[in-house]
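> Attaching a single structure in structure tokens format; questions to follow.
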Amino acid sequence: MRTYIYPGTFDPPTNGHMDVARRAARLCDRLIIAVLPNRNKKTVFSVDERVEMVRKSLPDLPEVEVTCFQGLLADFYRQVDASAVVRGSRSESDFRLEAEMAVANRLLNTRFETIFLLSRIELSFTSSSIVREVASYGGDISGMVPAEISTEILERLSTGDKQS
Ligand code: COA
């Protein structure tokens with residue numbers, strides 16, 4: 001049983017994230033999307049909202065588990081008996097940061113493997129902060145986020161109702 005974890009902040013999830021999730025789901029028996037209540041980042045959406053948005057974004061993949069986790073990814077990895085963590089890589093700069101995390105995680109847990117999936121080129125420049133920026137002006141985010149959550153994101157961000 002190959003269990004992969006796809007971790008992230010997902011504030012909010014983007015089409016780029018969901019592309020990685022769908023491709024990862026095809027490579028393993030069990031995919032866990034793990035939403036991090038990231039204490040290093042100020043988030044607009046609460047953890048529960050982010051978990052729910054990821055769920056809504058994958059209506060065709062009900063078998064994908066979406067949960068949140070606290071603490072170190074290396075510990076969560078042990079807890080769920082994972083075979084690998086999947087991360088999307090959009091650019092050289094993404095890769096550099098991701099490589100640092102992969103090495104640190106391996107030091108924390110010698111069984112830790114990280115698999116990088118290259119982002120689709122047309123999604124390479126999408127990020128959660130760009131989505132937040134465009135949505136804050138009420139702009140069209142339909143090409144950047146799943147249709148199931150775009151109205152919710154626009155409603156939240158264009159009213160200026162921000163959460164920390
Ligand atoms: N498509 C679109 N955007 C993508 C993307 C993709 N395929 N892959 C990454 N991004 C963007 C996100 O939109 C986000 O953009 P933003 O900075 O503009 O908001 C950014 O890249 C990173 O977000 P995300 O993929 O959600 O991950 P993260 O870097 O916030 O999360 C964790 C990293 C969760 C893996 C890491 O913080 C972690 O493991 N934390 C647990 C604590 C721990 O173990 N720390 C030690 C690690 S060494």
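By convention here, the chains of the structure tokens are called A, B, ... in the order presented, each chain's residues are numbered starting at 1, and ligands are numbered starting at 1 in the order presented.
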Give me, as number ranges by chain, all polymer residues having an atom no more than 12 Å from range 148-151 of chain A, counting only C-alpha atoms and skipping those fewer than 5 positions away in the same chain.

A: 11-15, 18, 49-60, 131-132, 134-135, 138-143, 156-158

> Write the residues of the preceding selection, restricted to N, CA, C and O atoms, as a compact mmCIF listing (two decimals), in the first residue's frame.


```
# COMPACT_ATOMS: atom_id res chain seq x y z
N ASP A 11 -3.67 28.35 0.67
CA ASP A 11 -4.38 29.55 1.12
C ASP A 11 -4.57 30.56 -0.02
O ASP A 11 -3.93 31.60 -0.02
N PRO A 12 -5.43 30.31 -0.96
CA PRO A 12 -6.31 29.16 -1.16
C PRO A 12 -5.68 28.14 -2.11
O PRO A 12 -4.64 28.44 -2.73
N PRO A 13 -6.34 26.97 -2.27
CA PRO A 13 -5.86 26.02 -3.28
C PRO A 13 -5.99 26.63 -4.68
O PRO A 13 -6.91 27.42 -4.91
N THR A 14 -5.08 26.27 -5.55
CA THR A 14 -5.10 26.79 -6.92
C THR A 14 -5.22 25.62 -7.92
O THR A 14 -5.09 24.47 -7.53
N ASN A 15 -5.43 25.97 -9.18
CA ASN A 15 -5.45 24.92 -10.21
C ASN A 15 -4.11 24.19 -10.25
O ASN A 15 -4.06 23.01 -10.57
N MET A 18 -4.16 21.58 -7.58
CA MET A 18 -5.06 20.46 -7.89
C MET A 18 -4.52 19.60 -9.02
O MET A 18 -4.75 18.40 -9.05
N GLU A 49 -11.55 25.97 6.63
CA GLU A 49 -11.99 26.46 5.32
C GLU A 49 -11.10 25.92 4.21
O GLU A 49 -11.56 25.54 3.14
N ARG A 50 -9.79 25.87 4.48
CA ARG A 50 -8.85 25.38 3.46
C ARG A 50 -9.05 23.89 3.20
O ARG A 50 -9.04 23.45 2.05
N VAL A 51 -9.29 23.13 4.28
CA VAL A 51 -9.56 21.69 4.11
C VAL A 51 -10.81 21.52 3.25
O VAL A 51 -10.84 20.74 2.29
N GLU A 52 -11.84 22.28 3.58
CA GLU A 52 -13.11 22.18 2.85
C GLU A 52 -12.95 22.59 1.38
O GLU A 52 -13.50 21.96 0.47
N MET A 53 -12.15 23.64 1.14
CA MET A 53 -11.95 24.09 -0.25
C MET A 53 -11.22 23.03 -1.06
O MET A 53 -11.53 22.82 -2.23
N VAL A 54 -10.22 22.37 -0.44
CA VAL A 54 -9.50 21.31 -1.17
C VAL A 54 -10.48 20.19 -1.50
O VAL A 54 -10.53 19.69 -2.62
N ARG A 55 -11.31 19.81 -0.51
CA ARG A 55 -12.30 18.73 -0.74
C ARG A 55 -13.22 19.08 -1.90
O ARG A 55 -13.43 18.27 -2.80
N LYS A 56 -13.75 20.30 -1.86
CA LYS A 56 -14.69 20.72 -2.91
C LYS A 56 -14.04 20.75 -4.27
O LYS A 56 -14.69 20.62 -5.30
N SER A 57 -12.71 20.96 -4.30
CA SER A 57 -12.00 21.09 -5.58
C SER A 57 -11.77 19.74 -6.26
O SER A 57 -11.36 19.70 -7.41
N LEU A 58 -12.01 18.65 -5.52
CA LEU A 58 -11.76 17.32 -6.10
C LEU A 58 -13.02 16.45 -6.02
O LEU A 58 -12.98 15.34 -5.45
N PRO A 59 -14.14 16.92 -6.57
CA PRO A 59 -15.39 16.17 -6.41
C PRO A 59 -15.33 14.80 -7.07
O PRO A 59 -16.04 13.88 -6.68
N ASP A 60 -14.47 14.68 -8.08
CA ASP A 60 -14.34 13.41 -8.82
C ASP A 60 -13.39 12.43 -8.13
O ASP A 60 -13.24 11.30 -8.60
N VAL A 131 -3.49 34.77 -6.63
CA VAL A 131 -4.96 34.60 -6.56
C VAL A 131 -5.54 35.60 -5.55
O VAL A 131 -6.52 36.30 -5.83
N ARG A 132 -4.90 35.69 -4.38
CA ARG A 132 -5.42 36.60 -3.34
C ARG A 132 -5.40 38.05 -3.83
O ARG A 132 -6.34 38.81 -3.61
N VAL A 134 -5.41 39.23 -7.03
CA VAL A 134 -6.40 39.49 -8.09
C VAL A 134 -7.81 39.53 -7.48
O VAL A 134 -8.61 40.42 -7.77
N ALA A 135 -8.09 38.55 -6.59
CA ALA A 135 -9.43 38.48 -5.99
C ALA A 135 -9.72 39.70 -5.13
O ALA A 135 -10.86 40.15 -5.05
N GLY A 138 -11.44 42.07 -6.98
CA GLY A 138 -12.64 41.55 -7.64
C GLY A 138 -12.35 41.06 -9.05
O GLY A 138 -13.25 40.93 -9.88
N GLY A 139 -11.08 40.77 -9.36
CA GLY A 139 -10.69 40.35 -10.71
C GLY A 139 -11.11 38.92 -11.02
O GLY A 139 -11.57 38.18 -10.15
N ASP A 140 -10.92 38.54 -12.27
CA ASP A 140 -11.36 37.22 -12.74
C ASP A 140 -10.32 36.15 -12.37
O ASP A 140 -9.23 36.11 -12.96
N ILE A 141 -10.65 35.29 -11.43
CA ILE A 141 -9.71 34.25 -11.00
C ILE A 141 -10.09 32.88 -11.56
O ILE A 141 -9.53 31.87 -11.17
N SER A 142 -11.03 32.88 -12.53
CA SER A 142 -11.55 31.59 -12.99
C SER A 142 -10.49 30.70 -13.63
O SER A 142 -10.60 29.48 -13.59
N GLY A 143 -9.46 31.29 -14.20
CA GLY A 143 -8.42 30.46 -14.80
C GLY A 143 -7.38 29.98 -13.79
O GLY A 143 -6.48 29.21 -14.12
N ARG A 156 -15.04 36.30 -0.26
CA ARG A 156 -14.27 36.56 0.95
C ARG A 156 -13.27 37.70 0.75
O ARG A 156 -13.17 38.62 1.54
N LEU A 157 -12.54 37.62 -0.35
CA LEU A 157 -11.43 38.57 -0.51
C LEU A 157 -11.87 39.93 -0.99
O LEU A 157 -11.28 40.93 -0.62
N SER A 158 -12.92 39.98 -1.79
CA SER A 158 -13.28 41.32 -2.27
C SER A 158 -14.09 42.09 -1.23
O SER A 158 -14.25 43.28 -1.35
```

> Using only C-alpha atoms and all ligand atoms, which residues have at least one atom no more than 7 Å from ligand 1? Output them as an MDAnalysis selection string.

chainID A and resid 7:11 14:17 20 36 38 71:74 87:90 100:102 104:105 119 123:124 126:130

> Check chain A with DSSP on the backbone and list each residue it calls strand (DSSP E), as number ranges by chain.

A: 3-8, 30-35, 65-68, 84-89, 114-118

> Pull the alpha helix (DSSP H) assignments for range 57-158 of chain A out of DSSP run on the backbone, and list those residues as a ChimeraX atom specification.

/A:57,73-79,92-108,128-136,147-158

> I need the residue nearest Cys28 in chain A from this list: A:Phe69, A:Val85, A:Val47, A:Pro62. Use only C-alpha atoms for the distance.

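Looking at the shortest contact to Cys28 in chain A, the residue is A:Val85.
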
> Using only C-alpha atoms for the distances, tell me which of A:Phe45, A:Phe116, A:Phe95, A:Tyr6 is nearest to Thr67 in chain A.

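Closest candidate: A:Tyr6.
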
> Tell me which of A:Val103, A:Leu97, A:Leu61, A:Val145 sits closest to Arg23 in chain A, counting only C-alpha atoms.

A:Leu61
